[in-house]
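Peer 1: Input file: work03.cif. Contents: mmCIF, C-alpha atoms.
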```cif
data_entry
#
loop_
_atom_site.label_atom_id
_atom_site.label_comp_id
_atom_site.auth_asym_id
_atom_site.auth_seq_id
_atom_site.Cartn_x
_atom_site.Cartn_y
_atom_site.Cartn_z
CA MET A 26 0.00 0.00 0.00
CA GLU A 27 1.21 3.48 -0.86
CA GLU A 28 2.41 5.61 2.05
CA ARG A 29 0.62 8.97 2.20
CA LYS A 30 3.02 11.72 3.22
CA GLU A 31 1.98 15.20 4.22
CA VAL A 32 3.21 18.30 2.46
CA THR A 33 5.43 20.16 4.92
CA PHE A 34 5.28 23.82 5.86
CA GLY A 35 8.46 24.49 3.88
CA GLU A 36 7.05 22.81 0.78
CA TRP A 37 3.84 24.87 0.99
CA PHE A 38 5.88 28.02 1.59
CA LEU A 39 7.93 27.39 -1.56
CA THR A 40 4.81 26.39 -3.49
CA LEU A 41 3.03 29.64 -2.67
CA PHE A 42 6.14 31.64 -3.55
CA LEU A 43 6.38 29.92 -6.95
CA MET A 44 2.66 30.52 -7.59
CA ALA A 45 3.37 34.28 -7.50
CA ILE A 46 5.61 34.04 -10.59
CA PRO A 47 3.65 34.44 -13.85
CA ILE A 48 3.86 31.60 -16.40
CA VAL A 49 5.95 29.53 -13.98
CA ASN A 50 2.82 29.05 -11.87
CA LEU A 51 0.83 27.62 -14.77
CA VAL A 52 3.61 25.25 -15.81
CA LEU A 53 4.12 24.03 -12.23
CA LEU A 54 0.40 23.46 -11.71
CA PHE A 55 0.42 21.07 -14.67
CA VAL A 56 3.60 19.37 -13.44
CA TRP A 57 2.28 18.98 -9.89
CA GLY A 58 -1.25 18.10 -10.97
CA PHE A 59 -0.35 15.39 -13.45
CA GLY A 60 3.18 14.37 -12.47
CA SER A 61 3.81 11.01 -10.87
CA ASN A 62 6.21 12.19 -8.16
CA THR A 63 3.88 14.66 -6.44
CA LYS A 64 2.22 14.05 -3.09
CA ILE A 65 -1.51 13.35 -3.43
CA SER A 66 -2.70 16.41 -1.50
CA LYS A 67 -0.50 18.75 -3.56
CA ALA A 68 -1.62 17.09 -6.82
CA ASN A 69 -5.26 17.53 -5.86
CA TRP A 70 -4.64 21.17 -4.92
CA ALA A 71 -2.93 21.79 -8.27
CA LYS A 72 -5.83 20.20 -10.20
CA ALA A 73 -8.36 22.27 -8.26
CA SER A 74 -6.32 25.43 -8.92
CA LEU A 75 -6.27 24.64 -12.64
CA ALA A 76 -10.03 24.11 -12.60
CA TRP A 77 -10.57 27.50 -10.93
CA MET A 78 -8.27 29.14 -13.48
CA ALA A 79 -10.29 27.59 -16.31
CA ILE A 80 -13.56 28.81 -14.75
CA ALA A 81 -12.13 32.32 -14.36
CA ILE A 82 -10.91 32.43 -17.97
CA VAL A 83 -14.31 31.35 -19.30
CA PHE A 84 -16.03 33.93 -17.08
CA TYR A 85 -13.75 36.74 -18.24
CA LEU A 86 -14.20 35.74 -21.88
CA VAL A 87 -17.99 35.81 -21.52
CA VAL A 88 -17.86 39.24 -19.83
CA PHE A 89 -15.47 40.53 -22.52
CA VAL A 90 -17.75 39.35 -25.35
CA ILE A 91 -20.80 40.91 -23.68
CA LEU A 92 -19.02 44.22 -23.12
CA LEU A 93 -17.66 44.16 -26.67
CA GLY A 94 -21.16 43.59 -28.01
CA ILE A 95 -22.54 46.44 -25.94
CA GLY A 96 -19.73 48.71 -27.12
CA ILE A 97 -20.37 47.87 -30.76
CA ASN A 98 -24.11 48.50 -30.38
CA LEU A 99 -23.54 51.84 -28.65
CA SER A 100 -21.19 53.04 -31.39
CA LYS A 101 -23.86 52.64 -34.10
#
```
Since I need it in another form, could you write the structure as structure tokens?
Peer 2:
Amino acid sequence: MEERKEVTFGEWFLTLFLMAIPIVNLVLLFVWGFGSNTKISKANWAKASLAWMAIAIVFYLVVFVILLGIGINLSK
């Protein structure tokens, strides 16, 4: 049976620091989420973070299209 290890304070500290770096954060979320050497809790956190990012992108795209449509209609 696989041993479940906890993510330490230091690992979370470094993780949160790396998440503040643009582009690096996205790459690392994919590595941690789908890599085979990542602790289960960190992998689940990375997958959930990617899901929230996807939801946010879709939301912002919808808002952008709506505002763009309103802008085009007002300029006529």
Peer 1: Quick one: residues within 10 Å of stretch 31-38 of chain A, only C-alpha atoms counted, chain neighbours fewer than 2 positions away excluded, as a PyMOL selection string?
Peer 2: chain A and resi 28-29+40-43+63-67
Peer 1: Just to confirm, what's the straight-line distance from atom CA of A:Ser74 to atom CA of A:Met44 in Å (one decimal)?
Peer 2: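 Value for the atom CA of A:Ser74-atom CA of A:Met44 distance: 10.4 Å.
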Peer 1: Between atom CA of A:Trp70 and atom CA of A:Val88, what is the spacing in Å?
Peer 2: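 Distance reported for this atom pair: 26.9 Å.
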Peer 1: So the first atom is atom CA of A:Pro47 and the second is atom CA of A:Lys30; what is the distance between them in Å, to one decimal place?
Peer 2: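 It comes out at 28.4 Å.
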Peer 1: In terms of the shortest atom-to-atom distance over all atoms listed in the file, which of A:Gly96, A:Asn62, A:Ile91, A:Leu54 is closest to A:Ala76?
Peer 2: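 Smallest separation from A:Ala76 among the options: A:Leu54.
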Peer 1: Rank A:Ala81, A:Leu99, A:Leu92, A:Ala73 by their smallest atom-to-atom distance to A:Gly58, using all atoms listed in the file, and report the top residue only.
Peer 2: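 Closest candidate: A:Ala73.
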Peer 1: Might you pull out every residue within 10 Å of A:Phe55, with all atoms listed in the file counted and same-chain residues fewer than 2 positions away left off, and present them as a PyMOL selection string?
Peer 2: chain A and resi 50-53+57-60+68+71-72+74-75
